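Taking it in order: structure first as structure tokens, then the write-up.
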Amino acid sequence: MYEKEGYIHNFLKMSLPHLTPTYEKWAPLIARLIFGGAFLMSAFYKIPGSESYTMQVGMTDAAGLPFASILVTLAFVLEVVAGVCLIIGFHVRTAAAALAVFVLLIALTFYRDLSDMTQFPLFMSCLELIAGLIYVSVYGAQSVAVKTCQLPKGMMRG
């Protein structure tokens, strides 16, 4: 019976690519590239002095936030620094946690009217992004990174 369980386990590992060591090594990198790239693209629209920066400042001001130009500039800096950290795998856990808090603040500021059917899906997208960032903040870069993080003692991968 034990041999059968081993056979089934090996068969599943060969049949399902997400159970292979190669997948386990490269999947976190792919996810970090997607996350980091998304935040860098978002930062592109906040480059100080650009036309889109002015639009972002206007939307931030319209949401009722004070010091809109300072906030948009700080968002630009956070998105660039944390996005690059995610891509290269440097202080990934800290960058992901900071971005999760940032996205939560964005969701609660700009998409708080959940009865508005244009805001509700955007709010839900923010929650999904936060969930992924929390996951990255717990497990870190894993492999293929400038600085890999060791998981805290007692925490198991997978």
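Lettering and numbering for the structure tokens are positional, with chains as A, B, ... in the shown order, residues counted from 1 in each chain, and ligands counted from 1 in the shown order.
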Would you give me, as JSON lines, each residue of stretch 9-92 of chain A having an atom within 8 Å of an atom of stretch 141-144 of chain A, along with its shortest atom pair and that distance in Å to one decimal, using only C-alpha atoms and sorting by chain and residue number?
{"residue": "A:Lys25", "atom": "CA", "partner": "A:Ser143", "partner_atom": "CA", "distance": 5.9}
{"residue": "A:Trp26", "atom": "CA", "partner": "A:Val144", "partner_atom": "CA", "distance": 7.4}
{"residue": "A:Pro28", "atom": "CA", "partner": "A:Ala141", "partner_atom": "CA", "distance": 6.6}
{"residue": "A:Leu29", "atom": "CA", "partner": "A:Val144", "partner_atom": "CA", "distance": 6.5}
{"residue": "A:Arg32", "atom": "CA", "partner": "A:Ala141", "partner_atom": "CA", "distance": 7.8}
{"residue": "A:Leu86", "atom": "CA", "partner": "A:Ala141", "partner_atom": "CA", "distance": 7.8}
{"residue": "A:Gly89", "atom": "CA", "partner": "A:Ala141", "partner_atom": "CA", "distance": 5.6}
{"residue": "A:Phe90", "atom": "CA", "partner": "A:Ala141", "partner_atom": "CA", "distance": 7.8}
{"residue": "A:Val92", "atom": "CA", "partner": "A:Ala141", "partner_atom": "CA", "distance": 5.8}
Would you save the residues from that selection as a compact mmCIF listing (two decimals), in the first residue's frame, using N, CA and C atoms?
# COMPACT_ATOMS: atom_id res chain seq x y z
N LYS A 25 10.62 27.07 -7.74
CA LYS A 25 11.73 28.02 -7.81
C LYS A 25 11.37 29.26 -8.61
N TRP A 26 10.67 29.09 -9.74
CA TRP A 26 10.44 30.21 -10.65
C TRP A 26 9.10 30.92 -10.46
N PRO A 28 7.57 32.15 -7.74
CA PRO A 28 7.64 33.38 -6.95
C PRO A 28 8.28 34.54 -7.73
N LEU A 29 9.27 34.25 -8.54
CA LEU A 29 9.89 35.29 -9.36
C LEU A 29 8.90 35.86 -10.35
N ARG A 32 6.51 38.05 -8.52
CA ARG A 32 7.15 39.31 -8.13
C ARG A 32 7.31 40.23 -9.33
N LEU A 86 10.57 44.46 -5.35
CA LEU A 86 9.88 43.21 -5.68
C LEU A 86 10.53 42.54 -6.89
N GLY A 89 14.11 41.36 -5.94
CA GLY A 89 14.13 40.46 -4.79
C GLY A 89 14.95 40.99 -3.64
N PHE A 90 14.77 42.24 -3.30
CA PHE A 90 15.52 42.87 -2.22
C PHE A 90 14.53 43.41 -1.20
N VAL A 92 11.94 42.05 0.03
CA VAL A 92 10.64 41.78 -0.58
C VAL A 92 9.51 41.80 0.45
(request) Extract, using only C-alpha atoms, all DNA, RNA and protein residues at most 10 Å from A:Met41, discarding same-chain residues fewer than 3 positions from it, and format them as a PyMOL selection string. (result) chain A and resi 36-38+44-46+79-80+83
Please, could you write that set of residues out with C-alpha atoms as a short mmCIF file (atom, residue, chain, number, x, y, z; two decimals), in the first residue's frame?
data_model
loop_
_atom_site.label_atom_id
_atom_site.label_comp_id
_atom_site.auth_asym_id
_atom_site.auth_seq_id
_atom_site.Cartn_x
_atom_site.Cartn_y
_atom_site.Cartn_z
CA GLY A 36 6.56 44.94 -9.38
CA GLY A 37 5.75 45.70 -13.01
CA ALA A 38 2.20 46.71 -12.12
CA PHE A 44 4.71 56.02 -14.58
CA TYR A 45 1.44 57.99 -14.35
CA LYS A 46 2.69 59.84 -11.29
CA GLU A 79 5.66 52.57 -6.08
CA VAL A 80 9.07 52.94 -7.74
CA GLY A 83 8.26 47.89 -7.28
#
(request) Enter the distance from atom CA of A:Val84 to atom CA of A:Tyr135, in Å, rounded to one decimal. (result)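 Distance between the two atoms: 17.9 Å.
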(request) Rounded to one decimal place, report the atom CA of A:Glu128-atom CA of A:Ser115 distance in Å. (result) 18.7 Å
A:Gly140: which residues within 6 Å, counting only C-alpha atoms, same-chain residues fewer than 3 positions away excluded, as a PDB file with C-alpha atoms, in the first residue's frame?
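As written to disk, out_31.pdb reads:
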ATOM      1  CA  VAL A  92      10.638  41.777  -0.582  1.00  0.00           C
ATOM      2  CA  ARG A  93       8.693  41.157   2.624  1.00  0.00           C
ATOM      3  CA  VAL A 136       4.368  37.801  -0.542  1.00  0.00           C
ATOM      4  CA  SER A 137       5.024  39.674   2.708  1.00  0.00           C
ATOM      5  CA  CYS A 149      14.625  35.764   3.234  1.00  0.00           C
TER       6      CYS A 149
END
(request) Counting only C-alpha atoms, figure out which residue out of A:Met55, A:Cys85, A:Ala107, A:Ile34 gets nearest to A:Val72. (result)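 The answer is A:Met55, which sits nearest to A:Val72.
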(request) For atom CA of A:Leu99 and atom CA of A:Leu133, quote the distance in Å rounded to one decimal. (result)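 Atom CA of A:Leu133 lies 7.1 Å from atom CA of A:Leu99.
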(request) Pick out the closest residue to A:Gly49 from this set: A:Leu33, A:Lys147, A:Phe76, A:Phe67. Count only C-alpha atoms. (result)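 Closest to A:Gly49 of all the choices is A:Phe76.
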